[in-house]
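S.K.: Below you'll find the structure I mean.
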Amino acid sequence: MHKECKSHMMKKTKNNLSSQIRLAGIAQQSLVNGKGMRKVFFSQGCTHHCPACFNKETWPFEGGQIFEMDELIDQLKEETYLDGVTFSGGEPFQQQNKFAYMATEIKKIPMNIWCYTGYTFDQLLELSKKDSNIKTMLENIDVIVDGKFDENLQDPKIKFRGSKNQRIIDVQKSLKNNKIEILDFDNN
């Protein structure tokens with residue numbers, strides 16, 4: 001590649017960093033990361049480092065690939081067979097400025113959003129008081145599966161969770177009622 005072209009590409013990338021997101025990967029179709037057929041965006045970077053994590057390759061913030069957020073959103077508009085989108089990780093709330101933008105734009109499609117996080121819902125509510133991006137994420141996410149994965153509480157019979165300590169929370173209902181509203185998929 002010519003130095004001139006390489007230099008131009010580097011400038012273009014530097015100018016557009018705010019429109020890009022670093023992802024560990026994308027599952028085009030998933031039935032296990034939330035209710036219905038979903039596209040899953042795996043965030044790159046996580047400081048929780050849960051023992052027995054099955055996505056350890058998502059821990060380093062430098063890994064994964066860079067994607068243009070608007071291109072990902074435009075693709076979703078064409079994927080009418082999807083029931084929704086899931087943010088997983090890594091830790092989506094550690095790229096909160098990127099996922100806040102993604103969540104806001106995805107809700108305009110409109111599309112259902114689930115999010116897996118190692119934070120508890122209570123921690124996120126507290127963090128949202130100081131971080132407007134976390135607040136924006138919470139305002140746009142429909143369902144959160146909260147809490148760190150705990151290998152000692154792993155149960156293959158539970159749906160949409162890795163361990164029994166994790167909760168499936170109706171975010172909008174919880175915010176409206178000012179109390180955590182749990183969704184039960186195990187007894188349905």
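Here, A, B, ... name the chains of the structure tokens in the order displayed, residue numbers run from 1 inside each chain, and ligands are numbered from 1 in the same displayed order.
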Please run DSSP on the backbone and report, as a VMD selection string, all residues within region 80-165 of chain A that come out as alpha helix (DSSP H).

M.R.: chain A and resid 96 to 107 121 to 128 132 to 140

S.K.: Skipping near chain neighbours, those fewer than 3 positions away, what residues fall within 7 Å of region 42-47 of chain A using only C-alpha atoms, listed as a list in words?

M.R.: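 The residues satisfying every condition are Arg22, Leu23, Ala24, Gly25, Ile26, Thr58, Trp59, Pro60, Phe61, Gly63, Gly64, Phe87, Ser88, Gly89, Gly90, Glu91, Pro92 and Gln94 of chain A.
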
S.K.: Using N, CA, C and O atoms, can you write the selected residues to a file as a tab-separated table (two decimals), in the first residue's frame?

M.R.:
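Final file, out_12.tsv:
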chain	number	residue	atom	x	y	z
A	22	ARG	N	-15.79	-1.41	19.24
A	22	ARG	CA	-14.91	-2.58	19.24
A	22	ARG	C	-15.71	-3.77	19.78
A	22	ARG	O	-16.17	-3.75	20.92
A	23	LEU	N	-15.86	-4.78	18.94
A	23	LEU	CA	-16.62	-5.97	19.30
A	23	LEU	C	-15.74	-7.22	19.23
A	23	LEU	O	-14.87	-7.32	18.36
A	24	ALA	N	-16.01	-8.16	20.11
A	24	ALA	CA	-15.33	-9.45	20.08
A	24	ALA	C	-15.90	-10.30	18.95
A	24	ALA	O	-15.23	-11.18	18.42
A	25	GLY	N	-17.15	-10.04	18.60
A	25	GLY	CA	-17.79	-10.77	17.52
A	25	GLY	C	-19.27	-10.48	17.45
A	25	GLY	O	-19.82	-9.73	18.27
A	26	ILE	N	-19.91	-11.07	16.46
A	26	ILE	CA	-21.35	-10.91	16.24
A	26	ILE	C	-21.92	-12.29	15.94
A	26	ILE	O	-21.43	-12.98	15.05
A	58	THR	N	-12.76	-12.09	25.41
A	58	THR	CA	-13.35	-10.76	25.34
A	58	THR	C	-12.80	-9.82	26.42
A	58	THR	O	-13.13	-8.64	26.42
A	59	TRP	N	-11.96	-10.31	27.31
A	59	TRP	CA	-11.47	-9.48	28.42
A	59	TRP	C	-10.59	-8.31	27.98
A	59	TRP	O	-10.81	-7.19	28.44
A	60	PRO	N	-9.57	-8.51	27.11
A	60	PRO	CA	-8.70	-7.38	26.76
A	60	PRO	C	-9.47	-6.32	25.95
A	60	PRO	O	-10.20	-6.66	25.02
A	61	PHE	N	-9.29	-5.08	26.31
A	61	PHE	CA	-9.97	-3.99	25.60
A	61	PHE	C	-9.36	-3.74	24.22
A	61	PHE	O	-9.98	-3.09	23.39
A	63	GLY	N	-8.53	-6.19	22.04
A	63	GLY	CA	-8.83	-7.29	21.14
A	63	GLY	C	-10.00	-7.00	20.22
A	63	GLY	O	-10.47	-5.87	20.09
A	64	GLY	N	-10.50	-8.05	19.59
A	64	GLY	CA	-11.68	-7.93	18.75
A	64	GLY	C	-11.46	-7.16	17.47
A	64	GLY	O	-10.32	-7.04	16.99
A	87	PHE	N	-26.98	-7.41	23.63
A	87	PHE	CA	-25.62	-6.95	23.93
A	87	PHE	C	-25.06	-7.92	24.97
A	87	PHE	O	-25.68	-8.15	26.01
A	88	SER	N	-23.89	-8.49	24.68
A	88	SER	CA	-23.26	-9.40	25.62
A	88	SER	C	-21.79	-9.06	25.69
A	88	SER	O	-21.37	-8.00	25.22
A	89	GLY	N	-21.00	-9.93	26.26
A	89	GLY	CA	-19.62	-9.53	26.41
A	89	GLY	C	-18.64	-10.66	26.40
A	89	GLY	O	-19.00	-11.77	26.06
A	90	GLY	N	-17.59	-10.02	26.91
A	90	GLY	CA	-17.21	-8.73	27.44
A	90	GLY	C	-18.29	-8.10	28.30
A	90	GLY	O	-19.23	-8.72	28.76
A	91	GLU	N	-18.10	-6.81	28.53
A	91	GLU	CA	-19.03	-6.04	29.35
A	91	GLU	C	-19.52	-4.81	28.59
A	91	GLU	O	-18.79	-3.83	28.44
A	92	PRO	N	-20.77	-4.84	28.09
A	92	PRO	CA	-21.30	-3.70	27.34
A	92	PRO	C	-21.28	-2.38	28.13
A	92	PRO	O	-21.07	-1.31	27.54
A	94	GLN	N	-19.05	-1.28	29.92
A	94	GLN	CA	-17.69	-0.72	29.96
A	94	GLN	C	-17.31	-0.11	28.61
A	94	GLN	O	-16.19	0.36	28.43

S.K.: Counting only C-alpha atoms, which residue out of A:Ser19, A:Thr117, A:Asn112, A:Thr104 sits closest to Asp70 (chain A)?

M.R.: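 Checking each candidate against Asp70 (chain A), we get A:Ser19 as the closest.
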
S.K.: In Å, with one decimal, what is the gap from CA of Glu126 (chain A) to CA of Ile144 (chain A)?

M.R.: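 A separation of 15.4 Å between them.
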
S.K.: Write out as a ChimeraX atom specification the set of residues from chain A that DSSP, computed on the backbone, places in strand (DSSP E).

M.R.: /A:20-30,38-43,65-68,84-88,112-116,143-146,167-170

S.K.: Could those selected residues go to a file with C-alpha atoms, as a compact mmCIF listing (two decimals), in the first residue's frame?

M.R.:
# COMPACT_ATOMS: atom_id res chain seq x y z
CA GLN A 20 -16.93 2.96 15.73
CA ILE A 21 -17.31 0.19 18.27
CA ARG A 22 -14.91 -2.58 19.24
CA LEU A 23 -16.62 -5.97 19.30
CA ALA A 24 -15.33 -9.45 20.08
CA GLY A 25 -17.79 -10.77 17.52
CA ILE A 26 -21.35 -10.91 16.24
CA ALA A 27 -23.70 -13.89 16.35
CA GLN A 28 -25.97 -13.37 13.35
CA GLN A 29 -28.73 -15.62 14.71
CA SER A 30 -29.14 -16.86 18.27
CA ARG A 38 -31.69 -12.43 18.05
CA LYS A 39 -28.53 -10.86 16.70
CA VAL A 40 -25.87 -10.70 19.41
CA PHE A 41 -23.17 -8.04 19.67
CA PHE A 42 -20.32 -9.23 21.91
CA SER A 43 -18.56 -6.27 23.50
CA GLN A 65 -12.52 -5.90 15.66
CA ILE A 66 -13.62 -2.35 14.93
CA PHE A 67 -17.07 -1.91 13.35
CA GLU A 68 -18.91 1.15 12.10
CA GLY A 84 -34.41 -8.41 18.74
CA VAL A 85 -30.81 -7.65 19.57
CA THR A 86 -28.67 -8.72 22.51
CA PHE A 87 -25.62 -6.95 23.93
CA SER A 88 -23.26 -9.40 25.62
CA ASN A 112 -36.28 -5.28 21.41
CA ILE A 113 -32.95 -5.13 23.29
CA TRP A 114 -31.58 -7.55 25.88
CA CYS A 115 -28.26 -6.99 27.66
CA TYR A 116 -26.05 -9.34 29.67
CA VAL A 143 -34.30 -6.71 29.52
CA ILE A 144 -31.09 -7.06 31.53
CA VAL A 145 -29.60 -10.32 32.74
CA ASP A 146 -27.55 -9.05 35.66
CA ARG A 167 -31.65 -12.25 37.32
CA ILE A 168 -33.70 -11.53 34.20
CA ILE A 169 -35.01 -8.01 34.76
CA ASP A 170 -37.71 -6.07 32.93

S.K.: Could you tell me how far CA of Val171 (chain A) lies from CA of Leu76 (chain A), in Å and to one decimal?

M.R.: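 Computing the Euclidean distance for CA of Val171 (chain A) and CA of Leu76 (chain A) yields 22.1 Å.
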
S.K.: Between CA of Asp83 (chain A) and CA of Met37 (chain A), what is the spacing in Å?

M.R.: 5.2 Å
